[in-house]
Amino acid sequence: MSAAQELLLLLPLVLLALQAPLCRGACVDVESDTEAVANSGFKLGCISCKMRAEVPAETTVDWFFRATNEAEFSQLYSYNYDDQVKGVVNDPRFEDRLRWNGSNNTNDLQDGSIYILNVTLSDAGTYRCIFNRVLKYSNDYEFHTNITKNVTIIVVPQLTRGLASILSEVMMYVSIIGLQLWLVVEMIYCYRKIAAAGEEALRESASRKNSRRLP
């Protein structure tokens with residue numbers, strides 16, 4: 001293959017690499033963590049993926065909080081990309097302790113997560129996240145949707161390992177050991193096959209020599 005042909009084969013890969021930064025990452029609707037550690041930061045996740053990605057939308061996010069010993073929700077935080085002050089803390093208990101951790105540089109919000117600084121034991125309770133989304137179709141038609149998600153948070157003095165974490169670690173070690181055993185078996189199999197082929201080659205060579213000696 002000539003150098004020119006090799007360059008032609010590499011050209012599609014180069015074009016794909018140039019286009020890759022222009023692609024938008026897919027939205028994945030994952031659940032928030034539910035165990036926070038006191039005196040540490042904690043990401044309170046809330047994701048609402050839009051079903052029709054090709055339809056433009058304007059979205060605001062409102063957070064509400066109900067402590068473990070409370071009966072009613074109180075407004076915690078609100079975010080609107082169009083506002084000069086985009087994120088507003090509405091609960092004085094969280095003043096200077098909340099940061100926006102969701103979608104940036106867009107009014108079409110799909111990630112409405114927030115970040116709590118210096119978590120305290122009194123932050124335990126249920127957090128409610130509400131997406132207020134307006135889908136904008138052609139002919140000035142608008143469709144309003146509201147998505148509500150609740151996340152119940154517990155606060156522990158120090159990080160504890162869950163059962164899922166322990167099982168995943170055990171499975172990882174089992175997989176590593178299994179792969180090593182499989183590699184050893186493959187090496188033994190290949191060695192025996194090469195040795196058998198070598199012995200067969202020696203026998204054929206000896207047979208040819210003997211045939212040449214015969215009158």
# chains A, B, ... in the order shown; residues from 1 in each chain; ligands from 1
call {"tool": "select_by_dssp", "arguments": {"residues": "region 123-153 of chain A", "states": "strand (DSSP E or B)", "output": "ChimeraX atom specification"}}
result
/A:125-136,142-153
call {"tool": "write_last_selection", "arguments": {"atoms": "N, CA, C and O atoms", "output": "mmCIF file, in the first residue's frame"}}
result
data_model
loop_
_atom_site.group_PDB
_atom_site.id
_atom_site.type_symbol
_atom_site.label_atom_id
_atom_site.label_comp_id
_atom_site.auth_asym_id
_atom_site.auth_seq_id
_atom_site.Cartn_x
_atom_site.Cartn_y
_atom_site.Cartn_z
ATOM 1 N N GLY A 125 -33.073 15.100 55.656
ATOM 2 C CA GLY A 125 -34.490 15.278 55.359
ATOM 3 C C GLY A 125 -34.776 14.992 53.899
ATOM 4 O O GLY A 125 -33.986 14.334 53.201
ATOM 5 N N THR A 126 -35.899 15.491 53.416
ATOM 6 C CA THR A 126 -36.324 15.253 52.038
ATOM 7 C C THR A 126 -36.198 16.539 51.229
ATOM 8 O O THR A 126 -36.684 17.593 51.637
ATOM 9 N N TYR A 127 -35.541 16.422 50.086
ATOM 10 C CA TYR A 127 -35.357 17.550 49.167
ATOM 11 C C TYR A 127 -36.210 17.294 47.926
ATOM 12 O O TYR A 127 -36.213 16.193 47.379
ATOM 13 N N ARG A 128 -36.919 18.320 47.507
ATOM 14 C CA ARG A 128 -37.791 18.202 46.335
ATOM 15 C C ARG A 128 -37.290 19.130 45.229
ATOM 16 O O ARG A 128 -37.089 20.329 45.440
ATOM 17 N N CYS A 129 -37.104 18.545 44.070
ATOM 18 C CA CYS A 129 -36.623 19.286 42.901
ATOM 19 C C CYS A 129 -37.737 19.338 41.866
ATOM 20 O O CYS A 129 -38.309 18.303 41.508
ATOM 21 N N ILE A 130 -38.049 20.530 41.365
ATOM 22 C CA ILE A 130 -39.122 20.705 40.380
ATOM 23 C C ILE A 130 -38.557 21.397 39.142
ATOM 24 O O ILE A 130 -38.021 22.501 39.223
ATOM 25 N N PHE A 131 -38.675 20.718 37.999
ATOM 26 C CA PHE A 131 -38.319 21.302 36.705
ATOM 27 C C PHE A 131 -39.572 21.913 36.086
ATOM 28 O O PHE A 131 -40.567 21.215 35.871
ATOM 29 N N ASN A 132 -39.522 23.196 35.818
ATOM 30 C CA ASN A 132 -40.608 23.874 35.101
ATOM 31 C C ASN A 132 -40.105 24.143 33.680
ATOM 32 O O ASN A 132 -39.338 25.079 33.449
ATOM 33 N N ARG A 133 -40.551 23.311 32.738
ATOM 34 C CA ARG A 133 -40.014 23.360 31.372
ATOM 35 C C ARG A 133 -41.087 23.816 30.395
ATOM 36 O O ARG A 133 -42.230 23.355 30.445
ATOM 37 N N VAL A 134 -40.689 24.726 29.506
ATOM 38 C CA VAL A 134 -41.581 25.215 28.457
ATOM 39 C C VAL A 134 -40.970 24.831 27.114
ATOM 40 O O VAL A 134 -39.928 25.358 26.724
ATOM 41 N N LEU A 135 -41.620 23.895 26.415
ATOM 42 C CA LEU A 135 -41.167 23.483 25.086
ATOM 43 C C LEU A 135 -41.724 24.454 24.053
ATOM 44 O O LEU A 135 -42.930 24.720 24.042
ATOM 45 N N LYS A 136 -40.848 24.944 23.184
ATOM 46 C CA LYS A 136 -41.249 25.961 22.206
ATOM 47 C C LYS A 136 -41.258 25.348 20.808
ATOM 48 O O LYS A 136 -40.204 25.080 20.225
ATOM 49 N N GLU A 142 -46.502 26.684 22.631
ATOM 50 C CA GLU A 142 -45.711 26.327 23.794
ATOM 51 C C GLU A 142 -46.413 25.226 24.579
ATOM 52 O O GLU A 142 -47.637 25.210 24.684
ATOM 53 N N PHE A 143 -45.578 24.324 25.108
ATOM 54 C CA PHE A 143 -46.114 23.221 25.912
ATOM 55 C C PHE A 143 -45.397 23.216 27.252
ATOM 56 O O PHE A 143 -44.168 23.115 27.309
ATOM 57 N N HIS A 144 -46.155 23.309 28.349
ATOM 58 C CA HIS A 144 -45.585 23.404 29.688
ATOM 59 C C HIS A 144 -45.578 22.026 30.351
ATOM 60 O O HIS A 144 -46.588 21.292 30.308
ATOM 61 N N THR A 145 -44.447 21.693 30.967
ATOM 62 C CA THR A 145 -44.338 20.434 31.712
ATOM 63 C C THR A 145 -43.696 20.714 33.068
ATOM 64 O O THR A 145 -42.869 21.627 33.205
ATOM 65 N N ASN A 146 -44.076 19.925 34.053
ATOM 66 C CA ASN A 146 -43.489 20.002 35.393
ATOM 67 C C ASN A 146 -43.037 18.605 35.804
ATOM 68 O O ASN A 146 -43.841 17.665 35.796
ATOM 69 N N ILE A 147 -41.769 18.501 36.147
ATOM 70 C CA ILE A 147 -41.202 17.238 36.609
ATOM 71 C C ILE A 147 -40.773 17.413 38.063
ATOM 72 O O ILE A 147 -40.003 18.325 38.387
ATOM 73 N N THR A 148 -41.279 16.544 38.948
ATOM 74 C CA THR A 148 -40.965 16.633 40.373
ATOM 75 C C THR A 148 -40.217 15.376 40.816
ATOM 76 O O THR A 148 -40.631 14.258 40.488
ATOM 77 N N LYS A 149 -39.130 15.592 41.565
ATOM 78 C CA LYS A 149 -38.351 14.469 42.095
ATOM 79 C C LYS A 149 -38.047 14.725 43.562
ATOM 80 O O LYS A 149 -37.711 15.850 43.942
ATOM 81 N N ASN A 150 -38.161 13.678 44.370
ATOM 82 C CA ASN A 150 -37.847 13.761 45.792
ATOM 83 C C ASN A 150 -36.604 12.939 46.097
ATOM 84 O O ASN A 150 -36.440 11.826 45.592
ATOM 85 N N VAL A 151 -35.734 13.496 46.927
ATOM 86 C CA VAL A 151 -34.512 12.807 47.358
ATOM 87 C C VAL A 151 -34.428 12.906 48.874
ATOM 88 O O VAL A 151 -34.403 14.011 49.426
ATOM 89 N N THR A 152 -34.395 11.769 49.541
ATOM 90 C CA THR A 152 -34.276 11.745 50.999
ATOM 91 C C THR A 152 -32.818 11.526 51.377
ATOM 92 O O THR A 152 -32.202 10.533 50.971
ATOM 93 N N ILE A 153 -32.285 12.464 52.153
ATOM 94 C CA ILE A 153 -30.859 12.462 52.496
ATOM 95 C C ILE A 153 -30.692 12.127 53.975
ATOM 96 O O ILE A 153 -31.418 12.639 54.833
#
call {"tool": "select_by_dssp", "arguments": {"residues": "chain A", "states": "alpha helix (DSSP H)", "output": "JSON, numbers by chain"}}
result
{"A": [3, 4, 5, 6, 7, 8, 9, 10, 11, 12, 13, 14, 15, 16, 17, 18, 19, 163, 164, 165, 166, 167, 168, 169, 170, 171, 172, 173, 174, 175, 176, 177, 178, 179, 180, 181, 182, 183, 184, 185, 186, 187, 188, 189, 190, 191, 192, 193, 194, 195, 196, 197, 198, 199, 200, 201, 202, 203, 204, 205, 206, 207, 208, 209, 210, 211, 212, 213]}
call {"tool": "closest_residue", "arguments": {"among": "A:Arg208, A:Arg192, A:Arg203, A:Lys43", "to": "Trp100 (chain A)", "atoms": "only C-alpha atoms"}}
result
A:Lys43
call {"tool": "atom_distance", "arguments": {"atom1": "CA of Asp111 (chain A)", "atom2": "CA of Cys27 (chain A)"}}
result
8.5 Å
call {"tool": "atom_distance", "arguments": {"atom1": "CA of Ile154 (chain A)", "atom2": "CA of Glu70 (chain A)"}}
result
14.6 Å
call {"tool": "residues_around", "arguments": {"residues": "Val28 (chain A)", "least_positions_apart": "3", "cutoff": "12 Å", "atoms": "only C-alpha atoms", "output": "MDAnalysis selection string"}}
result
chainID A and resid 25 31 45:51 110:111
call {"tool": "write_last_selection", "arguments": {"atoms": "N, CA, C and O atoms", "output": "tab-separated table (two decimals), in the first residue's frame"}}
result
chain	number	residue	atom	x	y	z
A	25	GLY	N	-23.03	15.82	24.60
A	25	GLY	CA	-23.14	14.59	25.36
A	25	GLY	C	-24.59	14.23	25.61
A	25	GLY	O	-25.45	15.09	25.75
A	31	GLU	N	-29.93	8.69	39.47
A	31	GLU	CA	-30.44	9.05	40.79
A	31	GLU	C	-29.34	9.72	41.62
A	31	GLU	O	-28.15	9.47	41.44
A	45	GLY	N	-28.15	15.63	43.55
A	45	GLY	CA	-28.41	15.48	42.12
A	45	GLY	C	-29.88	15.51	41.77
A	45	GLY	O	-30.73	14.98	42.49
A	46	CYS	N	-30.16	16.12	40.62
A	46	CYS	CA	-31.52	16.13	40.08
A	46	CYS	C	-31.42	16.35	38.57
A	46	CYS	O	-31.04	17.43	38.13
A	47	ILE	N	-31.72	15.31	37.80
A	47	ILE	CA	-31.60	15.37	36.34
A	47	ILE	C	-32.94	15.01	35.71
A	47	ILE	O	-33.57	14.03	36.11
A	48	SER	N	-33.36	15.80	34.75
A	48	SER	CA	-34.58	15.53	34.00
A	48	SER	C	-34.26	15.66	32.51
A	48	SER	O	-34.16	16.77	31.98
A	49	CYS	N	-34.06	14.52	31.85
A	49	CYS	CA	-33.70	14.54	30.43
A	49	CYS	C	-34.92	14.88	29.58
A	49	CYS	O	-36.02	14.38	29.81
A	50	LYS	N	-34.70	15.71	28.59
A	50	LYS	CA	-35.78	16.13	27.71
A	50	LYS	C	-36.02	15.04	26.66
A	50	LYS	O	-35.07	14.52	26.06
A	51	MET	N	-37.28	14.67	26.45
A	51	MET	CA	-37.60	13.59	25.54
A	51	MET	C	-37.35	13.98	24.08
A	51	MET	O	-36.90	13.16	23.29
A	110	GLN	N	-31.22	20.63	31.84
A	110	GLN	CA	-31.56	19.23	32.04
A	110	GLN	C	-30.94	18.68	33.33
A	110	GLN	O	-31.41	17.68	33.85
A	111	ASP	N	-29.91	19.35	33.80
A	111	ASP	CA	-29.29	18.98	35.07
A	111	ASP	C	-29.54	20.12	36.05
A	111	ASP	O	-29.03	21.23	35.88
call {"tool": "atom_distance", "arguments": {"atom1": "CA of Asn101 (chain A)", "atom2": "CA of Val37 (chain A)"}}
result
18.2 Å
call {"tool": "closest_residue", "arguments": {"among": "A:Asp33, A:Asp140, A:Glu169, A:Glu200", "to": "Tyr115 (chain A)", "atoms": "only C-alpha atoms"}}
result
A:Asp33
call {"tool": "closest_residue", "arguments": {"among": "A:Asn90, A:Thr60, A:Ser40, A:Gln158", "to": "Asn118 (chain A)", "atoms": "only C-alpha atoms"}}
result
A:Ser40
